[in-house]
>>> print(open('model-v8.tsv').read())   # TSV, C-alpha atoms
chain	number	residue	atom	x	y	z
A	1	MET	CA	-15.21	0.51	22.72
A	2	THR	CA	-13.87	3.94	21.80
A	3	ILE	CA	-11.17	4.67	19.22
A	4	THR	CA	-9.39	7.90	20.10
A	5	GLN	CA	-6.79	8.12	17.32
A	6	PRO	CA	-7.61	8.93	13.68
A	7	VAL	CA	-7.96	5.86	11.48
A	8	SER	CA	-7.01	5.27	7.86
A	9	ILE	CA	-9.28	3.91	5.14
A	10	TYR	CA	-8.22	1.62	2.31
A	11	LEU	CA	-10.63	1.00	-0.58
A	12	HIS	CA	-9.78	-1.82	-2.96
A	13	ILE	CA	-10.73	-1.41	-6.61
A	14	PRO	CA	-9.93	-4.84	-8.14
A	15	PHE	CA	-10.59	-4.04	-11.81
A	16	CYS	CA	-7.86	-4.01	-14.46
A	17	LEU	CA	-7.75	-3.62	-18.22
A	18	LYS	CA	-5.06	-6.31	-18.27
A	19	ARG	CA	-3.58	-8.40	-15.48
A	20	CYS	CA	0.21	-8.02	-15.27
A	21	GLY	CA	2.35	-11.15	-15.38
A	22	TYR	CA	3.82	-10.61	-11.91
A	23	CYS	CA	0.62	-9.51	-10.13
A	24	ASP	CA	-0.34	-11.48	-7.03
A	25	PHE	CA	-3.03	-9.09	-5.79
A	26	THR	CA	-6.81	-9.48	-5.85
A	27	THR	CA	-7.36	-8.14	-9.36
A	28	PHE	CA	-9.58	-9.09	-12.29
A	29	ALA	CA	-9.40	-8.16	-15.98
A	30	GLY	CA	-12.43	-8.02	-18.26
A	31	LYS	CA	-14.93	-7.48	-15.43
A	32	ASP	CA	-15.73	-3.81	-16.16
A	33	VAL	CA	-19.45	-4.54	-16.42
A	34	PHE	CA	-19.52	-5.12	-12.65
A	35	ILE	CA	-18.07	-1.72	-11.73
A	36	PRO	CA	-21.41	0.09	-11.06
A	37	ALA	CA	-22.70	-2.72	-8.83
A	38	TYR	CA	-19.32	-2.94	-7.11
A	39	VAL	CA	-19.32	0.77	-6.28
A	40	GLU	CA	-22.80	0.42	-4.80
A	41	ALA	CA	-21.67	-2.59	-2.75
A	42	LEU	CA	-18.65	-0.65	-1.54
A	43	CYS	CA	-20.89	2.16	-0.31
A	44	GLN	CA	-23.16	-0.34	1.43
A	45	GLU	CA	-20.20	-1.96	3.19
A	46	ILE	CA	-19.03	1.42	4.47
A	47	LYS	CA	-22.51	2.03	5.92
A	48	ALA	CA	-22.57	-1.43	7.51
A	49	VAL	CA	-19.21	-1.05	9.24
A	50	THR	CA	-19.84	2.46	10.54
A	51	GLY	CA	-23.25	1.32	11.76
A	52	SER	CA	-21.57	-1.22	14.05
A	53	ILE	CA	-19.77	1.34	16.23
A	54	ASN	CA	-21.31	4.07	18.37
A	55	GLN	CA	-18.99	6.89	17.34
A	56	LYS	CA	-18.10	8.83	14.22
A	57	LEU	CA	-14.49	7.93	13.59
A	58	ALA	CA	-11.94	10.58	12.68
A	59	VAL	CA	-10.12	9.77	9.43
A	60	HIS	CA	-6.79	11.25	8.34
A	61	THR	CA	-5.99	9.18	5.23
A	62	ILE	CA	-7.98	7.57	2.41
A	63	PHE	CA	-6.26	5.34	-0.14
A	64	PHE	CA	-7.78	3.89	-3.31
A	65	GLY	CA	-5.67	0.92	-4.41
A	66	GLY	CA	-6.04	-1.95	-6.82
A	67	GLY	CA	-6.13	-3.15	-9.43
A	68	THR	CA	-6.47	0.02	-11.42
A	69	PRO	CA	-8.65	2.45	-9.45
A	70	SER	CA	-8.37	5.00	-12.27
A	71	MET	CA	-10.81	2.81	-14.23
A	72	LEU	CA	-13.61	4.32	-12.12
A	73	SER	CA	-15.43	7.39	-13.39
A	74	LEU	CA	-15.35	10.71	-11.58
A	75	GLY	CA	-19.00	10.24	-10.70
A	76	GLN	CA	-18.28	6.88	-9.08
A	77	PHE	CA	-15.46	8.35	-7.02
A	78	GLY	CA	-17.79	11.17	-6.04
A	79	SER	CA	-20.39	8.70	-4.77
A	80	ILE	CA	-17.83	6.86	-2.64
A	81	LEU	CA	-16.35	10.04	-1.20
A	82	ASN	CA	-19.80	11.40	-0.36
A	83	ILE	CA	-20.57	8.26	1.65
A	84	LEU	CA	-17.24	8.56	3.46
A	85	LYS	CA	-18.01	12.18	4.35
A	86	VAL	CA	-21.39	11.18	5.78
A	87	CYS	CA	-20.12	8.17	7.73
A	88	PHE	CA	-16.79	9.50	9.01
A	89	ASP	CA	-15.32	12.70	10.40
A	90	LEU	CA	-12.71	13.54	7.76
A	91	ASN	CA	-9.81	15.66	8.98
A	92	TRP	CA	-9.52	19.03	7.23
A	93	ASP	CA	-6.13	17.97	5.86
A	94	VAL	CA	-7.09	14.38	5.03
A	95	GLU	CA	-4.65	12.71	2.63
A	96	ILE	CA	-6.62	11.21	-0.28
A	97	SER	CA	-4.47	9.02	-2.52
A	98	LEU	CA	-5.18	7.29	-5.79
A	99	GLU	CA	-3.14	4.64	-7.58
A	100	ALA	CA	-3.26	5.28	-11.32
A	101	ASN	CA	-1.99	3.59	-14.45
A	102	PRO	CA	-0.35	6.24	-16.67
A	103	GLY	CA	-2.24	4.84	-19.66
A	104	THR	CA	-5.69	5.39	-18.14
A	105	ILE	CA	-5.66	9.08	-17.20
A	106	ASN	CA	-5.75	12.44	-18.97
A	107	LEU	CA	-5.79	16.10	-17.98
A	108	GLU	CA	-9.59	16.41	-17.78
A	109	TYR	CA	-9.85	13.33	-15.57
A	110	LEU	CA	-7.04	14.53	-13.29
A	111	LYS	CA	-8.64	17.96	-12.92
A	112	GLY	CA	-11.84	16.21	-11.90
A	113	LEU	CA	-9.98	14.19	-9.28
A	114	ARG	CA	-8.54	17.36	-7.78
A	115	GLU	CA	-12.00	18.93	-7.64
A	116	LEU	CA	-13.23	15.86	-5.74
A	117	GLY	CA	-10.50	16.34	-3.14
A	118	PHE	CA	-7.79	13.92	-4.23
A	119	ASN	CA	-4.44	15.42	-3.25
A	120	ARG	CA	-1.95	12.58	-3.75
A	121	LEU	CA	-1.41	10.57	-6.94
A	122	SER	CA	0.66	7.39	-7.24
A	123	LEU	CA	1.69	6.58	-10.81
A	124	GLY	CA	2.44	2.93	-11.52
A	125	ALA	CA	5.21	3.62	-14.02
A	126	GLN	CA	7.35	0.53	-13.13
A	127	SER	CA	9.92	1.31	-15.88
A	128	THR	CA	10.65	3.84	-18.61
A	129	ASN	CA	12.06	1.12	-20.87
A	130	GLU	CA	9.63	-0.06	-23.58
A	131	TYR	CA	10.97	-3.62	-23.59
A	132	GLU	CA	10.65	-3.89	-19.81
A	133	LEU	CA	7.11	-2.49	-19.88
A	134	HIS	CA	6.21	-5.14	-22.46
A	135	LEU	CA	7.88	-7.85	-20.37
A	136	LEU	CA	5.90	-6.79	-17.30
A	137	GLY	CA	2.65	-6.77	-19.26
A	138	ARG	CA	1.95	-3.09	-18.67
A	139	ILE	CA	-0.61	-1.38	-20.92
A	140	HIS	CA	1.16	1.99	-20.99
A	141	THR	CA	4.18	3.29	-22.89
A	142	ARG	CA	7.14	5.32	-21.65
A	143	GLN	CA	5.60	8.40	-23.25
A	144	ASP	CA	2.39	7.80	-21.28
A	145	ILE	CA	4.44	8.15	-18.09
A	146	PHE	CA	5.81	11.57	-19.01
A	147	SER	CA	2.45	12.76	-20.36
A	148	ALA	CA	0.57	11.61	-17.25
A	149	PHE	CA	3.09	13.26	-14.96
A	150	LYS	CA	2.89	16.57	-16.84
A	151	ALA	CA	-0.92	16.44	-16.85
A	152	ALA	CA	-0.97	15.74	-13.10
A	153	ARG	CA	1.12	18.84	-12.45
A	154	ILE	CA	-1.09	20.99	-14.66
A	155	ALA	CA	-4.16	19.61	-12.87
A	156	GLY	CA	-2.72	20.79	-9.56
A	157	PHE	CA	-1.23	17.68	-7.96
A	158	SER	CA	1.69	18.77	-5.78
A	159	ASN	CA	2.20	15.36	-4.14
A	160	LEU	CA	3.17	12.72	-6.70
A	161	ASN	CA	4.61	9.26	-6.16
A	162	VAL	CA	6.15	7.09	-8.85
A	163	ASP	CA	6.43	3.30	-8.53
A	164	LEU	CA	9.37	1.55	-10.19
A	165	ILE	CA	10.31	-2.14	-10.29
A	166	TYR	CA	13.88	-3.43	-10.39
A	167	GLY	CA	15.50	-6.87	-10.51
A	168	LEU	CA	13.68	-7.99	-13.66
A	169	PRO	CA	14.89	-11.18	-15.40
A	170	GLY	CA	17.94	-10.22	-17.45
A	171	GLN	CA	17.73	-6.54	-16.46
A	172	LYS	CA	21.06	-4.73	-16.75
A	173	MET	CA	22.22	-2.10	-14.29
A	174	ASN	CA	22.45	0.56	-17.01
A	175	LYS	CA	18.76	0.07	-17.90
A	176	TRP	CA	17.75	0.42	-14.26
A	177	LYS	CA	19.89	3.54	-13.86
A	178	LYS	CA	18.30	5.13	-16.91
A	179	SER	CA	14.75	4.46	-15.67
A	180	LEU	CA	15.44	5.97	-12.27
A	181	ASP	CA	17.39	8.91	-13.67
A	182	GLU	CA	14.59	9.78	-16.11
A	183	VAL	CA	11.98	9.79	-13.37
A	184	VAL	CA	14.21	11.74	-10.96
A	185	LYS	CA	14.31	14.49	-13.60
A	186	LEU	CA	10.51	14.71	-13.36
A	187	ASN	CA	11.01	15.72	-9.71
A	188	PRO	CA	8.22	13.75	-7.98
A	189	GLU	CA	7.79	14.17	-4.23
A	190	HIS	CA	7.96	10.44	-3.51
A	191	PHE	CA	9.43	7.20	-4.86
A	192	SER	CA	8.42	3.59	-4.21
A	193	LEU	CA	10.97	1.07	-5.49
A	194	TYR	CA	10.15	-2.63	-5.43
A	195	ALA	CA	12.23	-5.68	-6.27
A	196	LEU	CA	10.36	-8.00	-8.62
A	197	SER	CA	9.00	-10.96	-6.70
A	198	ILE	CA	7.78	-13.94	-8.70
A	199	GLU	CA	4.95	-15.72	-6.89
A	200	LYS	CA	3.45	-19.14	-7.50
A	201	GLY	CA	0.29	-19.12	-9.59
A	202	THR	CA	1.08	-15.89	-11.42
A	203	PRO	CA	1.85	-15.98	-15.17
A	204	PHE	CA	5.50	-15.28	-14.34
A	205	GLY	CA	5.46	-18.08	-11.78
A	206	VAL	CA	4.16	-20.51	-14.39
A	207	LEU	CA	6.85	-19.45	-16.89
A	208	VAL	CA	9.59	-19.95	-14.31
A	209	LYS	CA	8.23	-23.37	-13.37
A	210	ARG	CA	8.29	-24.39	-17.04
A	211	GLY	CA	11.82	-23.10	-17.48
A	212	LEU	CA	10.72	-20.38	-19.89
A	213	MET	CA	11.77	-17.46	-17.67
A	214	GLU	CA	14.83	-17.05	-15.47
A	215	LEU	CA	14.47	-16.03	-11.86
A	216	PRO	CA	15.68	-12.52	-11.06
A	217	ASP	CA	19.30	-12.40	-9.88
A	218	PRO	CA	19.13	-11.49	-6.15
A	219	ASP	CA	22.71	-10.17	-6.06
A	220	ARG	CA	22.11	-7.90	-9.04
A	221	ALA	CA	18.84	-6.71	-7.48
A	222	ALA	CA	20.72	-5.90	-4.25
A	223	ASP	CA	23.24	-3.85	-6.24
A	224	MET	CA	20.39	-1.98	-7.94
A	225	TYR	CA	18.79	-1.26	-4.57
A	226	GLU	CA	22.02	0.07	-3.05
A	227	TRP	CA	22.75	2.26	-6.07
A	228	ALA	CA	19.21	3.67	-6.08
A	229	SER	CA	19.37	4.42	-2.36
A	230	GLU	CA	22.62	6.36	-2.78
A	231	GLU	CA	21.38	8.15	-5.89
A	232	LEU	CA	18.11	9.27	-4.32
A	233	ASP	CA	19.94	10.47	-1.23
A	234	LYS	CA	22.13	12.67	-3.46
A	235	THR	CA	19.10	14.19	-5.17
A	236	GLY	CA	17.24	15.25	-2.02
A	237	TYR	CA	15.13	12.21	-1.20
A	238	GLN	CA	15.24	10.68	2.26
A	239	GLN	CA	14.65	6.98	2.71
A	240	TYR	CA	12.07	6.48	5.44
A	241	GLU	CA	10.99	2.89	4.76
A	242	ILE	CA	12.68	-0.10	3.13
A	243	SER	CA	11.06	0.57	-0.26
A	244	ASN	CA	10.12	4.25	0.03
A	245	TRP	CA	11.86	7.60	-0.34
A	246	ALA	CA	10.39	11.08	-0.01
A	247	LYS	CA	11.23	14.74	0.00
A	248	ASN	CA	10.92	16.45	3.37
A	249	ARG	CA	7.34	16.19	4.74
A	250	TYR	CA	6.09	14.14	1.78
A	251	GLU	CA	6.10	10.72	3.39
A	252	CYS	CA	2.95	8.73	2.64
A	253	ILE	CA	0.88	9.23	5.79
A	254	HIS	CA	-1.41	6.35	4.86
A	255	ASN	CA	1.39	3.81	4.67
A	256	LEU	CA	2.91	5.13	7.90
A	257	GLN	CA	-0.35	4.04	9.53
A	258	TYR	CA	0.37	0.45	8.46
A	259	TRP	CA	4.01	0.46	9.54
A	260	ARG	CA	3.20	1.99	12.91
A	261	ASN	CA	0.65	-0.81	13.36
A	262	GLN	CA	-2.22	1.62	13.84
A	263	SER	CA	-5.90	1.17	12.98
A	264	TYR	CA	-7.11	1.09	9.39
A	265	LEU	CA	-10.35	-0.05	7.79
A	266	GLY	CA	-10.32	-2.02	4.54
A	267	PHE	CA	-13.31	-1.91	2.19
A	268	GLY	CA	-13.76	-3.88	-1.02
A	269	ALA	CA	-13.17	-7.36	-2.41
A	270	GLY	CA	-10.11	-8.95	-0.82
A	271	ALA	CA	-9.46	-5.93	1.39
A	272	HIS	CA	-7.83	-6.30	4.79
A	273	GLY	CA	-8.29	-4.21	7.90
A	274	PHE	CA	-6.95	-3.85	11.44
A	275	ALA	CA	-8.94	-2.27	14.25
A	276	ASN	CA	-10.30	-3.12	17.69
A	277	GLY	CA	-7.45	-5.61	18.19
A	278	MET	CA	-8.64	-7.63	15.21
A	279	ARG	CA	-7.27	-8.33	11.75
A	280	ILE	CA	-9.97	-9.10	9.19
A	281	SER	CA	-10.17	-9.86	5.49
A	282	ASN	CA	-12.99	-9.71	2.95
A	283	VAL	CA	-14.22	-12.21	0.40
A	284	ALA	CA	-12.11	-11.90	-2.75
A	285	ARG	CA	-14.47	-12.77	-5.61
A	286	ILE	CA	-16.26	-9.74	-7.06
A	287	ASN	CA	-19.63	-11.51	-7.44
A	288	ASP	CA	-19.55	-12.75	-3.84
A	289	TYR	CA	-18.58	-9.32	-2.56
A	290	ILE	CA	-21.45	-7.65	-4.43
A	291	SER	CA	-24.02	-10.19	-3.26
A	292	ARG	CA	-22.92	-9.93	0.37
A	293	ASN	CA	-23.23	-6.14	0.32
A	294	GLY	CA	-26.05	-5.76	-2.19
A	295	LYS	CA	-29.17	-3.68	-1.72
A	296	THR	CA	-31.23	-6.85	-1.35
A	297	SER	CA	-29.52	-7.87	1.89
A	298	ASP	CA	-30.97	-6.53	5.10
A	299	LEU	CA	-27.91	-4.54	6.07
A	300	VAL	CA	-29.54	-3.04	9.14
A	301	ASN	CA	-30.27	-6.47	10.60
A	302	ASP	CA	-27.04	-7.99	9.26
A	303	ARG	CA	-24.78	-5.40	10.83
A	304	PRO	CA	-22.55	-7.20	13.34
A	305	ILE	CA	-23.22	-4.73	16.16
A	306	GLY	CA	-20.41	-4.92	18.70
A	307	LYS	CA	-18.20	-6.77	16.23
A	308	PHE	CA	-16.57	-3.74	14.63
A	309	PRO	CA	-14.79	-3.68	12.16
A	310	MET	CA	-16.50	-6.72	10.60
A	311	SER	CA	-18.94	-6.36	7.70
A	312	PRO	CA	-21.19	-8.66	5.64
A	313	ALA	CA	-18.15	-9.20	3.38
A	314	THR	CA	-15.86	-10.42	6.17
A	315	VAL	CA	-14.64	-13.99	5.69
A	316	SER	CA	-11.86	-14.22	8.26
A	317	LYS	CA	-10.92	-12.56	11.52
A	318	THR	CA	-8.01	-12.93	13.90
A	319	SER	CA	-8.08	-11.46	17.38
A	320	LEU	CA	-4.53	-10.55	18.35
A	321	SER	CA	-3.05	-11.37	21.73
A	322	ASN	CA	-0.94	-8.71	23.42
A	323	HIS	CA	2.22	-10.66	22.55
A	324	LYS	CA	1.20	-11.01	18.90
A	325	SER	CA	0.52	-7.28	18.73
A	326	MET	CA	3.98	-6.61	20.16
A	327	GLN	CA	5.55	-8.88	17.54
A	328	GLU	CA	3.72	-7.18	14.70
A	329	THR	CA	4.53	-3.70	16.00
A	330	LEU	CA	8.22	-4.56	16.03
A	331	MET	CA	8.20	-6.32	12.67
A	332	LEU	CA	6.30	-3.51	10.92
A	333	GLY	CA	8.08	-0.69	12.71
A	334	LEU	CA	11.51	-1.95	11.74
A	335	ARG	CA	10.56	-1.31	8.12
A	336	LEU	CA	10.76	2.39	8.98
A	337	THR	CA	14.44	2.90	8.29
A	338	GLY	CA	14.80	6.24	10.05
A	339	GLU	CA	12.14	6.07	12.74
A	340	GLY	CA	12.43	2.42	13.70
A	341	VAL	CA	10.74	1.29	16.92
A	342	SER	CA	10.96	3.56	19.95
A	343	SER	CA	11.39	1.61	23.19
A	344	ARG	CA	9.57	4.41	25.04
A	345	ALA	CA	6.59	4.35	22.65
A	346	PHE	CA	6.59	0.55	22.85
A	347	TYR	CA	6.32	0.69	26.65
A	348	GLU	CA	3.60	3.35	26.53
A	349	ARG	CA	1.57	1.18	24.17
A	350	PHE	CA	2.02	-2.23	25.76
A	351	GLY	CA	3.26	-1.63	29.30
A	352	GLU	CA	6.21	-3.91	28.55
A	353	ASP	CA	9.92	-3.24	28.15
A	354	LEU	CA	11.09	-3.94	24.59
A	355	MET	CA	14.35	-5.59	25.70
A	356	MET	CA	12.64	-7.67	28.38
A	357	VAL	CA	10.31	-9.14	25.74
A	358	PHE	CA	12.61	-9.45	22.71
A	359	GLY	CA	16.09	-8.82	24.12
A	360	LYS	CA	17.58	-12.20	23.18
A	361	ASP	CA	16.69	-11.82	19.50
A	362	ILE	CA	17.65	-8.16	19.40
A	363	VAL	CA	21.12	-8.83	20.82
A	364	GLU	CA	21.70	-11.61	18.30
A	365	LEU	CA	20.58	-9.36	15.43
A	366	GLU	CA	22.91	-6.61	16.67
A	367	LYS	CA	25.83	-9.06	16.59
A	368	MET	CA	24.89	-9.90	12.98
A	369	ASN	CA	24.96	-6.16	12.14
A	370	LEU	CA	21.31	-6.25	11.08
A	371	VAL	CA	19.86	-3.84	13.68
A	372	GLU	CA	21.24	-0.95	15.71
A	373	TRP	CA	20.13	1.55	18.34
A	374	SER	CA	19.74	5.25	17.60
A	375	GLY	CA	18.83	6.90	20.86
A	376	ASP	CA	15.90	4.91	22.21
A	377	SER	CA	14.90	3.61	18.77
A	378	LEU	CA	15.78	0.23	17.32
A	379	ARG	CA	16.21	0.28	13.56
A	380	LEU	CA	17.69	-1.67	10.68
A	381	THR	CA	21.30	-1.13	9.64
A	382	LYS	CA	22.09	-0.61	5.95
A	383	ARG	CA	22.88	-4.32	5.81
A	384	GLY	CA	19.61	-5.05	7.57
A	385	ARG	CA	17.66	-3.21	4.88
A	386	LEU	CA	19.00	-5.69	2.32
A	387	LEU	CA	18.37	-8.69	4.57
A	388	GLY	CA	15.18	-7.53	6.23
A	389	ASN	CA	13.45	-10.89	6.02
A	390	GLN	CA	16.16	-12.40	8.23
A	391	VAL	CA	15.17	-9.84	10.85
A	392	PHE	CA	11.40	-10.02	10.50
A	393	ILE	CA	11.25	-13.81	10.73
A	394	ARG	CA	12.50	-13.53	14.32
A	395	PHE	CA	9.21	-11.93	15.29
A	396	VAL	CA	6.81	-14.33	13.59
A	397	ASP	CA	5.46	-17.38	15.42
>>> encode(input="model-v8.tsv", output="structure tokens")
Amino acid sequence: MTITQPVSIYLHIPFCLKRCGYCDFTTFAGKDVFIPAYVEALCQEIKAVTGSINQKLAVHTIFFGGGTPSMLSLGQFGSILNILKVCFDLNWDVEISLEANPGTINLEYLKGLRELGFNRLSLGAQSTNEYELHLLGRIHTRQDIFSAFKAARIAGFSNLNVDLIYGLPGQKMNKWKKSLDEVVKLNPEHFSLYALSIEKGTPFGVLVKRGLMELPDPDRAADMYEWASEELDKTGYQQYEISNWAKNRYECIHNLQYWRNQSYLGFGAGAHGFANGMRISNVARINDYISRNGKTSDLVNDRPIGKFPMSPATVSKTSLSNHKSMQETLMLGLRLTGEGVSSRAFYERFGEDLMMVFGKDIVELEKMNLVEWSGDSLRLTKRGRLLGNQVFIRFVD
């Protein structure tokens, strides 16, 4: 097996100072004592995976997500990046992104990140309203957001993303407008806007089940989304994905890898990956992850040679059929609001005509004004962006 295209790398850092009420990710609060062992296990997993393939893979994006990756020290990030440099062929212009909580970073730390090679920072602001930050369970204040942003600029970050959440229980349109307007004035290169989703098992989910919290109003959330889309368009941001807007040439290359259904390797507890026609996921519990990748295991003998991209931490794998890959390529690609899915690129990848495979569903979705053709690309309409799940479900078995 030979992989000819550059891959992306996702590294999951599951530690948090406090778990947010809406969080449904693999994250753990109060486990800081395990960070050194976790970093060592992460490095060991990287060695194990790269030892299972007879080529040095080219890498064009690296993304540290969480959790709160900014809880790691500069030295710990340095150790991880050094291993990546040894085990992979990093492109000269590799995009290295870090998710950061505005309350966990300062100028000295940010300068250190830049010296290590980080060139993209994603600030999890979520809101500039103090009440909403408290409701969400965030540990930072509105002032932390502005201070962190200013420090990032001084440190030399010229590619900044800001995450915001809308559709909170009881949230008024004027509060949402103020949050977005205040962040627009900061002039970041990228925005990620997410509607609040309340999942079962989360603290918010429990409160809703007990009748102690109202569900977000979907119609109000849709209005907030439409207003934000129009506002960002006016201020020089182009929407390129359902939840993402960027200035020209500042799209997140790492996330484009996901939406184009291209290869990425996931390292860390609960991480997912896709390569060699296989989707895999890692064990979620921190202790289990560390023990599976610890120094005491015989990683040389345990390496699943020929089973790339599996590692000692892998707990599930799914080999995708050609049809399943076509479904996922269409479902993911339709999230790209401008690019969509090119019928020519689809044929070059799969040797199948897009309309011959999915024509019946596509025609029906066109009649519902959910998708449209732009040249040879199929993409969502404005209405389809609001009702994307009605489109995507057509391409899931």
>>> axis_aligned_box(input="model-v8.tsv", around="range 62-68 of chain A", padding_each_side="5 Å", output="AutoDock Vina command-line options")
--center_x -6.8 --center_y 2.2 --center_z -4.5 --size_x 12.3 --size_y 20.7 --size_z 23.8
>>> closest_residue(input="model-v8.tsv", among="A:Asn261, A:Thr314, A:Met355, A:Leu380", to="Val283 in chain A", atoms="only C-alpha atoms")
A:Thr314
>>> closest_residue(input="model-v8.tsv", among="A:Leu121, A:Val391, A:Val59, A:Ile96", to="Arg153 in chain A", atoms="all atoms listed in the file")
A:Leu121
>>> residues_around(input="model-v8.tsv", residues="Glu132 in chain A", least_positions_apart="5", cutoff="12 Å", atoms="only C-alpha atoms", output="compact mmCIF listing (two decimals) with C-alpha atoms, keeping the file's coordinate frame")
# COMPACT_ATOMS: atom_id res chain seq x y z
CA GLY A 21 2.35 -11.15 -15.38
CA ALA A 125 5.21 3.62 -14.02
CA GLN A 126 7.35 0.53 -13.13
CA SER A 127 9.92 1.31 -15.88
CA GLY A 137 2.65 -6.77 -19.26
CA ARG A 138 1.95 -3.09 -18.67
CA ILE A 139 -0.61 -1.38 -20.92
CA HIS A 140 1.16 1.99 -20.99
CA THR A 141 4.18 3.29 -22.89
CA ARG A 142 7.14 5.32 -21.65
CA LEU A 164 9.37 1.55 -10.19
CA ILE A 165 10.31 -2.14 -10.29
CA TYR A 166 13.88 -3.43 -10.39
CA GLY A 167 15.50 -6.87 -10.51
CA LEU A 168 13.68 -7.99 -13.66
CA PRO A 169 14.89 -11.18 -15.40
CA GLY A 170 17.94 -10.22 -17.45
CA GLN A 171 17.73 -6.54 -16.46
CA LYS A 172 21.06 -4.73 -16.75
CA LYS A 175 18.76 0.07 -17.90
CA TRP A 176 17.75 0.42 -14.26
CA SER A 179 14.75 4.46 -15.67
CA LEU A 196 10.36 -8.00 -8.62
>>> residues_near_point(input="model-v8.tsv", point="(-16.9, 7.7, 23.4)", cutoff="12 Å", atoms="only C-alpha atoms", output="list in words")
Met1, Thr2, Ile3, Thr4, Gln5, Ile53, Asn54, Gln55, Lys56 and Leu57 of chain A
>>> closest_residue(input="model-v8.tsv", among="A:Gly124, A:Gln44, A:Gln262, A:Leu193", to="Ala313 in chain A", atoms="only C-alpha atoms")
A:Gln44
>>> residues_around(input="model-v8.tsv", residues="Ser147 in chain A", least_positions_apart="3", cutoff="12 Å", atoms="all atoms listed in the file", output="list in words")
Asn101, Pro102, Gly103, Thr104, Ile105, Asn106, Leu107, Leu110, Leu123, Ala125, His140, Thr141, Arg142, Gln143, Asp144, Lys150, Ala151, Ala152, Arg153, Ile154 and Leu186 of chain A
>>> closest_residue(input="model-v8.tsv", among="A:Tyr10, A:Phe350, A:Phe204, A:Phe157", to="Pro188 in chain A", atoms="all atoms listed in the file")
A:Phe157
>>> closest_residue(input="model-v8.tsv", among="A:Glu328, A:Glu352, A:Glu95, A:Glu372", to="Phe274 in chain A", atoms="only C-alpha atoms")
A:Glu328
>>> residues_near_point(input="model-v8.tsv", point="(-8.2, 4.2, -2.8)", cutoff="9 Å", atoms="all atoms listed in the file", output="MDAnalysis selection string")
chainID A and resid 9:13 62:66 69 96:99
>>> atom_distance(input="model-v8.tsv", atom1="CA of His134 in chain A", atom2="CA of Glu230 in chain A")
28.1 Å
>>> atom_distance(input="model-v8.tsv", atom1="CA of Ser343 in chain A", atom2="CA of Met331 in chain A")
13.6 Å
>>> residues_around(input="model-v8.tsv", residues="Val208 in chain A", least_positions_apart="6", cutoff="12 Å", atoms="only C-alpha atoms", output="PyMOL selection string")
chain A and resi 21-22+169+197-202+214-216
>>> atom_distance(input="model-v8.tsv", atom1="CA of Leu332 in chain A", atom2="CA of Asn91 in chain A")
25.1 Å
>>> closest_residue(input="model-v8.tsv", among="A:Lys185, A:Arg349, A:Arg279, A:Arg292", to="Thr329 in chain A", atoms="only C-alpha atoms")
A:Arg349
>>> residues_around(input="model-v8.tsv", residues="Gly156 in chain A", least_positions_apart="6", cutoff="9 Å", atoms="all atoms listed in the file", output="compact mmCIF listing (two decimals) with C-alpha atoms, keeping the file's coordinate frame")
# COMPACT_ATOMS: atom_id res chain seq x y z
CA LEU A 110 -7.04 14.53 -13.29
CA LYS A 111 -8.64 17.96 -12.92
CA ARG A 114 -8.54 17.36 -7.78
CA ASN A 119 -4.44 15.42 -3.25
>>> decode(input="model-v8.tsv", residues="range 113-122 of chain A", atoms="N, CA and C atoms", output="short mmCIF file (atom, residue, chain, number, x, y, z; two decimals), in the first residue's frame")
data_model
loop_
_atom_site.label_atom_id
_atom_site.label_comp_id
_atom_site.auth_asym_id
_atom_site.auth_seq_id
_atom_site.Cartn_x
_atom_site.Cartn_y
_atom_site.Cartn_z
N LEU A 113 4.40 29.10 21.60
CA LEU A 113 3.72 28.30 20.58
C LEU A 113 4.19 28.68 19.18
N ARG A 114 4.33 29.97 18.94
CA ARG A 114 4.80 30.42 17.63
C ARG A 114 6.21 29.91 17.37
N GLU A 115 7.06 29.94 18.38
CA GLU A 115 8.44 29.46 18.22
C GLU A 115 8.47 27.97 17.90
N LEU A 116 7.49 27.23 18.42
CA LEU A 116 7.41 25.79 18.15
C LEU A 116 6.90 25.49 16.74
N GLY A 117 6.29 26.48 16.09
CA GLY A 117 5.79 26.28 14.74
C GLY A 117 4.29 26.36 14.58
N PHE A 118 3.57 26.58 15.67
CA PHE A 118 2.12 26.74 15.55
C PHE A 118 1.83 28.01 14.75
N ASN A 119 0.94 27.90 13.77
CA ASN A 119 0.64 29.07 12.93
C ASN A 119 -0.85 29.35 12.79
N ARG A 120 -1.67 28.58 13.49
CA ARG A 120 -3.12 28.83 13.47
C ARG A 120 -3.66 28.58 14.88
N LEU A 121 -4.44 29.53 15.38
CA LEU A 121 -5.00 29.44 16.73
C LEU A 121 -6.51 29.55 16.64
N SER A 122 -7.19 28.63 17.33
CA SER A 122 -8.66 28.64 17.36
C SER A 122 -9.10 28.92 18.79
#
